[in-house]
>>> print(open('entry.txt').read())   # compact mmCIF, C-alpha atoms
# COMPACT_ATOMS: atom_id res chain seq x y z
CA GLU A 1 149.07 8.11 35.78
CA VAL A 2 150.50 6.29 38.76
CA GLN A 3 153.69 7.84 40.11
CA LEU A 4 155.93 6.92 42.99
CA VAL A 5 158.31 9.72 43.93
CA GLN A 6 161.12 8.91 46.30
CA SER A 7 163.24 11.13 48.49
CA GLY A 8 166.74 12.09 47.40
CA THR A 9 170.22 10.66 47.69
CA GLU A 10 171.56 10.16 51.20
CA VAL A 11 175.14 10.00 52.43
CA LYS A 12 175.45 8.83 56.01
CA LYS A 13 178.00 7.49 58.46
CA PRO A 14 177.88 4.06 60.07
CA GLY A 15 175.71 4.06 63.15
CA GLU A 16 173.51 6.92 61.99
CA SER A 17 169.77 6.58 61.55
CA LEU A 18 167.89 7.24 58.34
CA LYS A 19 164.33 7.36 57.07
CA ILE A 20 163.62 7.54 53.32
CA SER A 21 160.25 8.15 51.78
CA CYS A 22 158.04 7.27 48.84
CA MET A 23 155.05 9.40 47.92
CA GLY A 24 152.35 8.01 45.67
CA SER A 25 149.96 9.80 43.36
CA GLY A 26 146.23 9.48 43.11
CA ASP A 27 144.43 6.81 45.06
CA ILE A 28 147.33 4.44 44.76
CA PHE A 29 147.85 4.21 48.47
CA THR A 30 144.34 3.57 49.56
CA THR A 31 143.87 0.28 47.78
CA TYR A 32 147.32 -1.17 47.14
CA TRP A 33 150.31 -2.51 48.94
CA ILE A 34 153.60 -0.64 48.71
CA GLY A 35 156.93 -2.38 48.97
CA TRP A 36 160.65 -1.77 49.08
CA VAL A 37 163.33 -3.45 46.96
CA ARG A 38 167.08 -3.23 47.53
CA GLN A 39 169.74 -3.31 44.85
CA MET A 40 173.30 -3.32 46.10
CA PRO A 41 175.97 -1.92 43.77
CA GLY A 42 176.34 -4.15 40.72
CA LYS A 43 173.98 -6.74 42.16
CA GLY A 44 170.46 -8.05 41.69
CA LEU A 45 167.11 -7.23 43.22
CA GLU A 46 166.00 -8.19 46.74
CA TRP A 47 162.55 -7.61 48.14
CA MET A 48 162.59 -6.20 51.65
CA GLY A 49 158.98 -5.89 52.74
CA ILE A 50 155.54 -4.57 51.94
CA ILE A 51 152.93 -2.47 53.71
CA TYR A 52 149.22 -1.94 53.20
CA LEU A 53 148.54 1.69 53.90
CA THR A 54 144.91 1.31 54.81
CA ASP A 55 145.74 -0.56 58.01
CA SER A 56 149.58 -0.61 58.07
CA ASP A 57 149.66 -4.39 57.81
CA THR A 58 153.37 -5.03 57.15
CA ARG A 59 155.22 -8.10 55.93
CA TYR A 60 158.99 -8.44 55.86
CA SER A 61 161.31 -10.69 53.95
CA PRO A 62 163.06 -12.93 56.47
CA SER A 63 166.31 -11.42 55.19
CA PHE A 64 165.32 -7.95 56.39
CA GLN A 65 163.10 -8.67 59.42
CA GLY A 66 164.56 -6.76 62.35
CA GLN A 67 167.02 -4.87 60.15
CA VAL A 68 164.67 -2.16 58.86
CA THR A 69 161.28 -0.71 59.66
CA ILE A 70 158.62 -0.06 57.05
CA SER A 71 155.89 2.40 57.92
CA ALA A 72 153.38 4.67 56.24
CA ASP A 73 151.24 7.74 56.63
CA LYS A 74 148.16 7.30 54.52
CA SER A 75 147.05 10.91 55.14
CA ILE A 76 149.93 12.08 52.96
CA SER A 77 150.15 8.99 50.71
CA THR A 78 153.69 8.25 51.84
CA ALA A 79 155.55 5.08 52.76
CA TYR A 80 158.84 5.01 54.63
CA LEU A 81 161.85 2.78 55.04
CA GLN A 82 164.03 3.39 58.05
CA TRP A 83 167.16 2.21 59.76
CA SER A 84 168.09 2.85 63.38
CA SER A 85 171.80 2.19 62.89
CA LEU A 86 173.23 2.08 59.40
CA ARG A 87 176.09 -0.15 58.31
CA ALA A 88 178.36 0.10 55.32
CA SER A 89 176.58 -2.97 53.92
CA ASP A 90 173.36 -0.91 53.69
CA THR A 91 174.91 1.02 50.81
CA ALA A 92 172.50 0.42 47.93
CA MET A 93 169.78 1.78 45.72
CA TYR A 94 166.36 1.38 47.29
CA TYR A 95 163.23 1.29 45.17
CA CYS A 96 159.68 1.62 46.33
CA VAL A 97 157.14 -0.34 44.36
CA ARG A 98 153.42 -0.77 44.05
CA VAL A 99 152.53 -4.38 44.78
CA ARG A 100 149.76 -6.23 43.01
CA LEU A 101 148.85 -8.79 45.62
CA TYR A 102 146.04 -11.24 45.11
CA SER A 103 143.71 -12.23 47.93
CA GLY A 104 145.09 -15.16 49.87
CA PHE A 105 148.70 -14.50 48.90
CA ASP A 106 151.49 -13.06 51.02
CA LEU A 107 153.33 -11.39 48.16
CA GLY A 108 152.64 -10.03 44.70
CA TYR A 109 154.37 -8.63 41.69
CA PHE A 110 155.58 -5.05 41.32
CA ASP A 111 153.87 -3.04 38.62
CA TYR A 112 155.10 0.48 39.34
CA TRP A 113 158.53 1.50 40.56
CA GLY A 114 159.84 4.70 42.07
CA GLN A 115 162.96 6.29 40.66
CA GLY A 116 165.11 4.93 43.47
CA THR A 117 166.91 6.43 46.45
CA LEU A 118 170.66 5.94 46.60
CA VAL A 119 171.94 5.44 50.14
CA THR A 120 175.67 5.54 50.74
CA VAL A 121 177.03 4.64 54.15
CA SER A 122 180.68 5.43 54.64
CA SER A 123 182.93 6.70 57.38
CA ASP B 1 162.60 -21.17 50.99
CA ILE B 2 162.04 -21.06 47.22
CA GLN B 3 165.18 -20.33 45.22
CA MET B 4 164.96 -18.82 41.74
CA THR B 5 167.76 -19.55 39.28
CA GLN B 6 168.08 -17.90 35.89
CA SER B 7 170.13 -19.09 32.96
CA PRO B 8 172.22 -18.00 31.33
CA SER B 9 173.69 -15.27 33.53
CA THR B 10 174.90 -13.46 30.41
CA LEU B 11 173.63 -13.79 26.88
CA SER B 12 175.21 -12.27 23.79
CA ALA B 13 172.93 -11.79 20.82
CA SER B 14 172.39 -9.66 17.74
CA VAL B 15 169.57 -7.43 16.63
CA GLY B 16 166.93 -9.60 15.02
CA ASP B 17 167.82 -12.75 16.99
CA ARG B 18 165.28 -14.80 18.87
CA VAL B 19 166.42 -15.25 22.46
CA THR B 20 165.16 -17.25 25.39
CA ILE B 21 165.93 -16.79 29.07
CA THR B 22 165.10 -19.56 31.51
CA CYS B 23 164.02 -19.24 35.13
CA ARG B 24 163.81 -22.28 37.39
CA ALA B 25 162.21 -22.46 40.82
CA SER B 26 163.39 -24.85 43.50
CA GLN B 27 159.76 -25.83 44.07
CA SER B 28 156.52 -25.19 42.28
CA VAL B 29 155.29 -21.60 42.06
CA SER B 30 152.34 -22.57 39.86
CA THR B 31 152.09 -19.71 37.33
CA TRP B 32 152.81 -16.94 39.81
CA LEU B 33 155.84 -15.56 38.04
CA ALA B 34 156.76 -12.14 36.71
CA TRP B 35 159.55 -10.81 34.49
CA TYR B 36 161.23 -7.41 34.71
CA GLN B 37 163.62 -5.49 32.48
CA GLN B 38 166.24 -3.16 33.91
CA LYS B 39 168.46 -0.81 31.95
CA PRO B 40 171.60 0.71 33.47
CA GLY B 41 170.84 3.53 35.87
CA ARG B 42 167.10 2.97 35.62
CA ALA B 43 164.45 1.39 37.79
CA PRO B 44 163.23 -2.04 36.70
CA LYS B 45 160.12 -2.24 34.56
CA LEU B 46 157.45 -4.91 34.70
CA LEU B 47 157.18 -6.85 31.44
CA ILE B 48 155.08 -9.92 32.21
CA PHE B 49 153.03 -11.19 35.13
CA GLN B 50 151.31 -14.49 35.84
CA THR B 51 153.85 -16.21 33.58
CA SER B 52 152.48 -15.00 30.26
CA THR B 53 150.38 -11.83 30.62
CA LEU B 54 152.04 -8.83 29.02
CA GLU B 55 151.90 -5.63 31.01
CA SER B 56 150.19 -2.80 29.16
CA GLY B 57 152.48 -1.15 26.64
CA VAL B 58 155.00 -4.00 26.43
CA PRO B 59 155.80 -4.95 22.83
CA SER B 60 154.35 -8.22 21.57
CA ARG B 61 157.83 -9.54 20.71
CA PHE B 62 158.08 -10.39 24.41
CA SER B 63 156.38 -13.56 25.58
CA GLY B 64 156.45 -15.79 28.61
CA SER B 65 155.59 -19.40 29.21
CA GLY B 66 155.92 -22.21 31.72
CA SER B 67 154.42 -23.47 34.92
CA GLY B 68 155.47 -25.17 38.10
CA THR B 69 159.24 -24.90 38.26
CA GLU B 70 160.37 -23.95 34.76
CA PHE B 71 159.65 -20.71 32.94
CA THR B 72 160.93 -18.90 29.89
CA LEU B 73 161.02 -15.35 28.64
CA THR B 74 161.33 -15.13 24.87
CA ILE B 75 162.08 -12.12 22.72
CA SER B 76 161.10 -13.03 19.19
CA SER B 77 163.24 -10.49 17.33
CA LEU B 78 165.71 -8.50 19.37
CA GLN B 79 165.60 -4.75 19.03
CA PRO B 80 168.36 -2.34 20.10
CA ASP B 81 166.19 -1.19 23.02
CA ASP B 82 166.04 -4.74 24.43
CA PHE B 83 169.64 -4.94 25.58
CA ALA B 84 169.25 -4.88 29.34
CA THR B 85 169.20 -7.12 32.40
CA TYR B 86 166.16 -9.33 32.94
CA TYR B 87 164.90 -10.67 36.25
CA CYS B 88 162.26 -13.26 37.06
CA GLN B 89 160.31 -13.07 40.32
CA GLN B 90 158.03 -15.62 41.94
CA TYR B 91 155.13 -14.42 44.07
CA ASN B 92 153.60 -17.76 44.97
CA SER B 93 154.94 -17.71 48.50
CA PHE B 94 157.18 -15.99 51.00
CA SER B 95 160.89 -16.56 50.72
CA ARG B 96 164.07 -14.69 51.55
CA ASN B 97 164.36 -13.47 48.04
CA THR B 98 161.80 -13.90 45.32
CA PHE B 99 163.96 -12.72 42.40
CA GLY B 100 166.29 -14.64 40.17
CA GLN B 101 169.86 -13.40 40.00
CA GLY B 102 169.33 -11.71 36.64
CA THR B 103 170.33 -12.32 33.02
CA LYS B 104 172.33 -9.65 31.24
CA LEU B 105 171.50 -9.49 27.55
CA GLU B 106 174.44 -8.01 25.65
CA ILE B 107 175.03 -7.02 22.06
CA LYS B 108 177.16 -9.57 20.22
>>> encode(input="entry.txt", output="C-alpha cells")
Amino acid sequence: EVQLVQSGTEVKKPGESLKISCMGSGDIFTTYWIGWVRQMPGKGLEWMGIIYLTDSDTRYSPSFQGQVTISADKSISTAYLQWSSLRASDTAMYYCVRVRLYSGFDLGYFDYWGQGTLVTVSS
Amino acid sequence: DIQMTQSPSTLSASVGDRVTITCRASQSVSTWLAWYQQKPGRAPKLLIFQTSTLESGVPSRFSGSGSGTEFTLTISSLQPDDFATYYCQQYNSFSRNTFGQGTKLEIK
C-alpha cells in the first residue's frame, strides 16, 4: 500500500527557517512526482509545486515560486518543503501528495495524500 | 491563468437526495479534471479523475461528467458519510491555483 508519512507539527516564529518532510513507501518515489498542497485555516486547497525524485525536476506554482523551496533525497524516499524566512501568513496545513502526471503535461492529479503537517508561525 | 469556480459554495441536502456540484473553468481544460472529498480534520481524498473515472474503492453513487469548461459531480443517493467539502481540480495546464474554492455539503 502506498503511504506518505509527513513530519510533525511545527510552531515557529516569524523570520525563522523551516524544512518539513514527506517520506514515501515502496517504489513510490522512483517513478512518480511528489507535490505539496497548502490549506490555510478554514480555506481551500492550493497547489505549491511538484518534484520528480529521479532527477529532481521541480515545478512551482507561480503563486509560490521564490517563496518556498521543494527538494528531495531519493536515497531515503523523502521530499522536503522549506522556507528560509517564515511569515505569519505561512500558517497552514501542508499536505504532500503523489502526482499522477501524464507525459506532455506540466501538472497532474493527486492520488495519494500524506496526513498533513501543521505549521504555525506566531510571535 | 485558468480559474476554477464551483457552485454552489454550500449545499444543504438530506440522506437519500441526489445532489450535483458544478465546476466551471475559465477556459477549456478538455477532460483533465479531478474531484476530491475532504472531511473535517482529514486529508483530501481523490474521488474521480479525468472527469469521470472513479478512483479505486470509491462508491458507484459518485459520478462525474463534462468537458471543456463545465463539469459536474453527482452523488446519486446521499449517504451520511458523504457530508464533506468537495473540490474540483484541473490539470490541463499550469496556473496559479488549479483547485476550485470548494463546495461544502451539509446535512439539511
>>> closest_residue(input="entry.txt", among="B:Gly16, B:Gly64, B:Pro80, B:Pro40", to="chain A", atoms="all atoms listed in the file")
B:Pro40
>>> closest_atom_pairs(input="entry.txt", of="chain B", to="chain A", cutoff="12 Å", atoms="all atoms listed in the file", output="Markdown table")
| residue | atom | partner | partner_atom | distance |
| --- | --- | --- | --- | --- |
| B:Asp1 | CA | A:Pro62 | CA | 9.9 |
| B:Met4 | CA | A:Glu46 | CA | 11.8 |
| B:Gln6 | CA | A:Gly44 | CA | 11.7 |
| B:Ser9 | CA | A:Gly44 | CA | 11.4 |
| B:Val29 | CA | A:Phe105 | CA | 11.9 |
| B:Trp32 | CA | A:Gly108 | CA | 8.5 |
| B:Leu33 | CA | A:Tyr109 | CA | 8.0 |
| B:Ala34 | CA | A:Tyr109 | CA | 6.5 |
| B:Trp35 | CA | A:Tyr109 | CA | 9.1 |
| B:Tyr36 | CA | A:Phe110 | CA | 9.0 |
| B:Gln37 | CA | A:Leu45 | CA | 11.4 |
| B:Gln38 | CA | A:Gly44 | CA | 10.1 |
| B:Pro40 | CA | A:Gly42 | CA | 9.9 |
| B:Gly41 | CA | A:Gly116 | CA | 9.6 |
| B:Arg42 | CA | A:Gln115 | CA | 7.3 |
| B:Ala43 | CA | A:Gln115 | CA | 5.9 |
| B:Pro44 | CA | A:Trp113 | CA | 7.0 |
| B:Lys45 | CA | A:Trp113 | CA | 7.2 |
| B:Leu46 | CA | A:Asp111 | CA | 5.6 |
| B:Leu47 | CA | A:Asp111 | CA | 8.8 |
| B:Ile48 | CA | A:Asp111 | CA | 9.5 |
| B:Phe49 | CA | A:Tyr109 | CA | 7.2 |
| B:Gln50 | CA | A:Tyr109 | CA | 8.8 |
| B:Thr51 | CA | A:Tyr109 | CA | 11.1 |
| B:Leu54 | CA | A:Asp111 | CA | 11.4 |
| B:Glu55 | CA | A:Asp111 | CA | 8.3 |
| B:Ser56 | CA | A:Asp111 | CA | 10.2 |
| B:Thr85 | CA | A:Gly44 | CA | 9.4 |
| B:Tyr86 | CA | A:Gly44 | CA | 9.8 |
| B:Tyr87 | CA | A:Leu45 | CA | 8.1 |
| B:Cys88 | CA | A:Leu45 | CA | 9.9 |
| B:Gln89 | CA | A:Tyr109 | CA | 7.5 |
| B:Gln90 | CA | A:Tyr109 | CA | 7.9 |
| B:Tyr91 | CA | A:Gly108 | CA | 5.1 |
| B:Asn92 | CA | A:Phe105 | CA | 7.1 |
| B:Ser93 | CA | A:Asp106 | CA | 6.3 |
| B:Phe94 | CA | A:Asp106 | CA | 6.4 |
| B:Ser95 | CA | A:Ser61 | CA | 6.7 |
| B:Arg96 | CA | A:Pro62 | CA | 5.3 |
| B:Asn97 | CA | A:Glu46 | CA | 5.7 |
| B:Thr98 | CA | A:Trp47 | CA | 6.9 |
| B:Phe99 | CA | A:Leu45 | CA | 6.4 |
| B:Gly100 | CA | A:Gly44 | CA | 7.9 |
| B:Gln101 | CA | A:Gly44 | CA | 5.6 |
| B:Gly102 | CA | A:Gly44 | CA | 6.3 |
| B:Thr103 | CA | A:Gly44 | CA | 9.7 |
| B:Lys104 | CA | A:Gly44 | CA | 10.7 |
>>> write_last_selection(input="entry.txt", atoms="C-alpha atoms", output="PDB file, in the frame of the given file")
ATOM      1  CA  ASP B   1     162.600 -21.170  50.990  1.00  0.00           C
ATOM      2  CA  MET B   4     164.960 -18.820  41.740  1.00  0.00           C
ATOM      3  CA  GLN B   6     168.080 -17.900  35.890  1.00  0.00           C
ATOM      4  CA  SER B   9     173.690 -15.270  33.530  1.00  0.00           C
ATOM      5  CA  VAL B  29     155.290 -21.600  42.060  1.00  0.00           C
ATOM      6  CA  TRP B  32     152.810 -16.940  39.810  1.00  0.00           C
ATOM      7  CA  LEU B  33     155.840 -15.560  38.040  1.00  0.00           C
ATOM      8  CA  ALA B  34     156.760 -12.140  36.710  1.00  0.00           C
ATOM      9  CA  TRP B  35     159.550 -10.810  34.490  1.00  0.00           C
ATOM     10  CA  TYR B  36     161.230  -7.410  34.710  1.00  0.00           C
ATOM     11  CA  GLN B  37     163.620  -5.490  32.480  1.00  0.00           C
ATOM     12  CA  GLN B  38     166.240  -3.160  33.910  1.00  0.00           C
ATOM     13  CA  PRO B  40     171.600   0.710  33.470  1.00  0.00           C
ATOM     14  CA  GLY B  41     170.840   3.530  35.870  1.00  0.00           C
ATOM     15  CA  ARG B  42     167.100   2.970  35.620  1.00  0.00           C
ATOM     16  CA  ALA B  43     164.450   1.390  37.790  1.00  0.00           C
ATOM     17  CA  PRO B  44     163.230  -2.040  36.700  1.00  0.00           C
ATOM     18  CA  LYS B  45     160.120  -2.240  34.560  1.00  0.00           C
ATOM     19  CA  LEU B  46     157.450  -4.910  34.700  1.00  0.00           C
ATOM     20  CA  LEU B  47     157.180  -6.850  31.440  1.00  0.00           C
ATOM     21  CA  ILE B  48     155.080  -9.920  32.210  1.00  0.00           C
ATOM     22  CA  PHE B  49     153.030 -11.190  35.130  1.00  0.00           C
ATOM     23  CA  GLN B  50     151.310 -14.490  35.840  1.00  0.00           C
ATOM     24  CA  THR B  51     153.850 -16.210  33.580  1.00  0.00           C
ATOM     25  CA  LEU B  54     152.040  -8.830  29.020  1.00  0.00           C
ATOM     26  CA  GLU B  55     151.900  -5.630  31.010  1.00  0.00           C
ATOM     27  CA  SER B  56     150.190  -2.800  29.160  1.00  0.00           C
ATOM     28  CA  THR B  85     169.200  -7.120  32.400  1.00  0.00           C
ATOM     29  CA  TYR B  86     166.160  -9.330  32.940  1.00  0.00           C
ATOM     30  CA  TYR B  87     164.900 -10.670  36.250  1.00  0.00           C
ATOM     31  CA  CYS B  88     162.260 -13.260  37.060  1.00  0.00           C
ATOM     32  CA  GLN B  89     160.310 -13.070  40.320  1.00  0.00           C
ATOM     33  CA  GLN B  90     158.030 -15.620  41.940  1.00  0.00           C
ATOM     34  CA  TYR B  91     155.130 -14.420  44.070  1.00  0.00           C
ATOM     35  CA  ASN B  92     153.600 -17.760  44.970  1.00  0.00           C
ATOM     36  CA  SER B  93     154.940 -17.710  48.500  1.00  0.00           C
ATOM     37  CA  PHE B  94     157.180 -15.990  51.000  1.00  0.00           C
ATOM     38  CA  SER B  95     160.890 -16.560  50.720  1.00  0.00           C
ATOM     39  CA  ARG B  96     164.070 -14.690  51.550  1.00  0.00           C
ATOM     40  CA  ASN B  97     164.360 -13.470  48.040  1.00  0.00           C
ATOM     41  CA  THR B  98     161.800 -13.900  45.320  1.00  0.00           C
ATOM     42  CA  PHE B  99     163.960 -12.720  42.400  1.00  0.00           C
ATOM     43  CA  GLY B 100     166.290 -14.640  40.170  1.00  0.00           C
ATOM     44  CA  GLN B 101     169.860 -13.400  40.000  1.00  0.00           C
ATOM     45  CA  GLY B 102     169.330 -11.710  36.640  1.00  0.00           C
ATOM     46  CA  THR B 103     170.330 -12.320  33.020  1.00  0.00           C
ATOM     47  CA  LYS B 104     172.330  -9.650  31.240  1.00  0.00           C
TER      48      LYS B 104
END
>>> residues_near_point(input="entry.txt", point="(153.5, 10.2, 49.5)", cutoff="7 Å", atoms="only C-alpha atoms", output="MDAnalysis selection string")
chainID A and resid 22:24 76:79
>>> atom_distance(input="entry.txt", atom1="CA of Ala92 (chain A)", atom2="CA of Val121 (chain A)")
8.8 Å
>>> closest_residue(input="entry.txt", among="A:Ser123, A:Thr31, A:Thr117, A:Ser17", to="Leu4 (chain A)", atoms="only C-alpha atoms")
A:Thr117
>>> atom_distance(input="entry.txt", atom1="CA of Thr91 (chain A)", atom2="CA of Thr120 (chain A)")
4.6 Å
>>> atom_distance(input="entry.txt", atom1="CA of Ser30 (chain B)", atom2="CA of Ser63 (chain B)")
17.4 Å
>>> residues_around(input="entry.txt", residues="region 20-27 of chain B", least_positions_apart="2", cutoff="7 Å", atoms="all atoms listed in the file", output="PyMOL selection string")
chain B and resi 2-8+18+29+69-75+88
>>> residues_around(input="entry.txt", residues="Lys74 (chain A)", least_positions_apart="5", cutoff="10 Å", atoms="only C-alpha atoms", output="compact mmCIF listing (two decimals) with C-alpha atoms, keeping the file's coordinate frame")
# COMPACT_ATOMS: atom_id res chain seq x y z
CA MET A 23 155.05 9.40 47.92
CA GLY A 24 152.35 8.01 45.67
CA PHE A 29 147.85 4.21 48.47
CA THR A 30 144.34 3.57 49.56
CA TYR A 52 149.22 -1.94 53.20
CA LEU A 53 148.54 1.69 53.90
CA THR A 54 144.91 1.31 54.81
CA ASP A 55 145.74 -0.56 58.01
CA SER A 56 149.58 -0.61 58.07
CA ALA A 79 155.55 5.08 52.76
>>> axis_aligned_box(input="entry.txt", around="region 70-81 of chain B", padding_each_side="4 Å", output="AutoDock Vina command-line options")
--center_x 164.0 --center_y -12.6 --center_z 26.0 --size_x 16.7 --size_y 30.8 --size_z 25.4
>>> closest_residue(input="entry.txt", among="A:Ile34, A:Leu86, A:Val68, A:Met40", to="Val99 (chain A)", atoms="all atoms listed in the file")
A:Ile34
>>> build_atoms(input="entry.txt", residues="region 89-109 of chain A", atoms="N, CA and C atoms", output="PDB file, in the frame of the given file")
ATOM      1  N   SER A  89     177.245  -1.995  54.793  1.00  0.00           N
ATOM      2  CA  SER A  89     176.580  -2.970  53.920  1.00  0.00           C
ATOM      3  C   SER A  89     175.165  -2.543  53.522  1.00  0.00           C
ATOM      4  N   ASP A  90     174.656  -1.454  54.097  1.00  0.00           N
ATOM      5  CA  ASP A  90     173.360  -0.910  53.690  1.00  0.00           C
ATOM      6  C   ASP A  90     173.476  -0.013  52.460  1.00  0.00           C
ATOM      7  N   THR A  91     174.697   0.217  52.006  1.00  0.00           N
ATOM      8  CA  THR A  91     174.910   1.020  50.810  1.00  0.00           C
ATOM      9  C   THR A  91     174.245   0.333  49.615  1.00  0.00           C
ATOM     10  N   ALA A  92     173.291   1.016  49.008  1.00  0.00           N
ATOM     11  CA  ALA A  92     172.500   0.420  47.930  1.00  0.00           C
ATOM     12  C   ALA A  92     171.553   1.446  47.354  1.00  0.00           C
ATOM     13  N   MET A  93     170.932   1.058  46.245  1.00  0.00           N
ATOM     14  CA  MET A  93     169.780   1.780  45.720  1.00  0.00           C
ATOM     15  C   MET A  93     168.537   1.111  46.286  1.00  0.00           C
ATOM     16  N   TYR A  94     167.613   1.904  46.737  1.00  0.00           N
ATOM     17  CA  TYR A  94     166.360   1.380  47.290  1.00  0.00           C
ATOM     18  C   TYR A  94     165.202   1.893  46.440  1.00  0.00           C
ATOM     19  N   TYR A  95     164.394   0.954  45.992  1.00  0.00           N
ATOM     20  CA  TYR A  95     163.230   1.290  45.170  1.00  0.00           C
ATOM     21  C   TYR A  95     161.950   1.030  45.961  1.00  0.00           C
ATOM     22  N   CYS A  96     161.017   1.962  45.860  1.00  0.00           N
ATOM     23  CA  CYS A  96     159.680   1.620  46.330  1.00  0.00           C
ATOM     24  C   CYS A  96     158.867   1.151  45.138  1.00  0.00           C
ATOM     25  N   VAL A  97     157.917   0.296  45.416  1.00  0.00           N
ATOM     26  CA  VAL A  97     157.140  -0.340  44.360  1.00  0.00           C
ATOM     27  C   VAL A  97     155.682  -0.444  44.766  1.00  0.00           C
ATOM     28  N   ARG A  98     154.814  -0.428  43.786  1.00  0.00           N
ATOM     29  CA  ARG A  98     153.420  -0.770  44.050  1.00  0.00           C
ATOM     30  C   ARG A  98     153.286  -2.272  43.852  1.00  0.00           C
ATOM     31  N   VAL A  99     152.629  -2.921  44.789  1.00  0.00           N
ATOM     32  CA  VAL A  99     152.530  -4.380  44.780  1.00  0.00           C
ATOM     33  C   VAL A  99     151.126  -4.786  44.368  1.00  0.00           C
ATOM     34  N   ARG A 100     151.040  -5.634  43.382  1.00  0.00           N
ATOM     35  CA  ARG A 100     149.760  -6.230  43.010  1.00  0.00           C
ATOM     36  C   ARG A 100     149.687  -7.587  43.707  1.00  0.00           C
ATOM     37  N   LEU A 101     148.894  -7.616  44.759  1.00  0.00           N
ATOM     38  CA  LEU A 101     148.850  -8.790  45.620  1.00  0.00           C
ATOM     39  C   LEU A 101     147.447  -9.365  45.571  1.00  0.00           C
ATOM     40  N   TYR A 102     147.336 -10.607  45.205  1.00  0.00           N
ATOM     41  CA  TYR A 102     146.040 -11.240  45.110  1.00  0.00           C
ATOM     42  C   TYR A 102     145.580 -11.741  46.478  1.00  0.00           C
ATOM     43  N   SER A 103     144.283 -11.757  46.663  1.00  0.00           N
ATOM     44  CA  SER A 103     143.710 -12.230  47.930  1.00  0.00           C
ATOM     45  C   SER A 103     144.194 -13.642  48.227  1.00  0.00           C
ATOM     46  N   GLY A 104     144.626 -13.845  49.454  1.00  0.00           N
ATOM     47  CA  GLY A 104     145.090 -15.160  49.870  1.00  0.00           C
ATOM     48  C   GLY A 104     146.588 -15.361  49.703  1.00  0.00           C
ATOM     49  N   PHE A 105     147.254 -14.405  49.103  1.00  0.00           N
ATOM     50  CA  PHE A 105     148.700 -14.500  48.900  1.00  0.00           C
ATOM     51  C   PHE A 105     149.427 -13.550  49.842  1.00  0.00           C
ATOM     52  N   ASP A 106     150.675 -13.889  50.130  1.00  0.00           N
ATOM     53  CA  ASP A 106     151.490 -13.060  51.020  1.00  0.00           C
ATOM     54  C   ASP A 106     152.343 -12.067  50.265  1.00  0.00           C
ATOM     55  N   LEU A 107     152.455 -12.251  48.966  1.00  0.00           N
ATOM     56  CA  LEU A 107     153.330 -11.390  48.160  1.00  0.00           C
ATOM     57  C   LEU A 107     152.716 -11.253  46.780  1.00  0.00           C
ATOM     58  N   GLY A 108     153.152 -10.233  46.054  1.00  0.00           N
ATOM     59  CA  GLY A 108     152.640 -10.030  44.700  1.00  0.00           C
ATOM     60  C   GLY A 108     153.765  -9.602  43.788  1.00  0.00           C
ATOM     61  N   TYR A 109     153.367  -9.157  42.615  1.00  0.00           N
ATOM     62  CA  TYR A 109     154.370  -8.630  41.690  1.00  0.00           C
ATOM     63  C   TYR A 109     154.338  -7.109  41.756  1.00  0.00           C
TER      64      TYR A 109
END
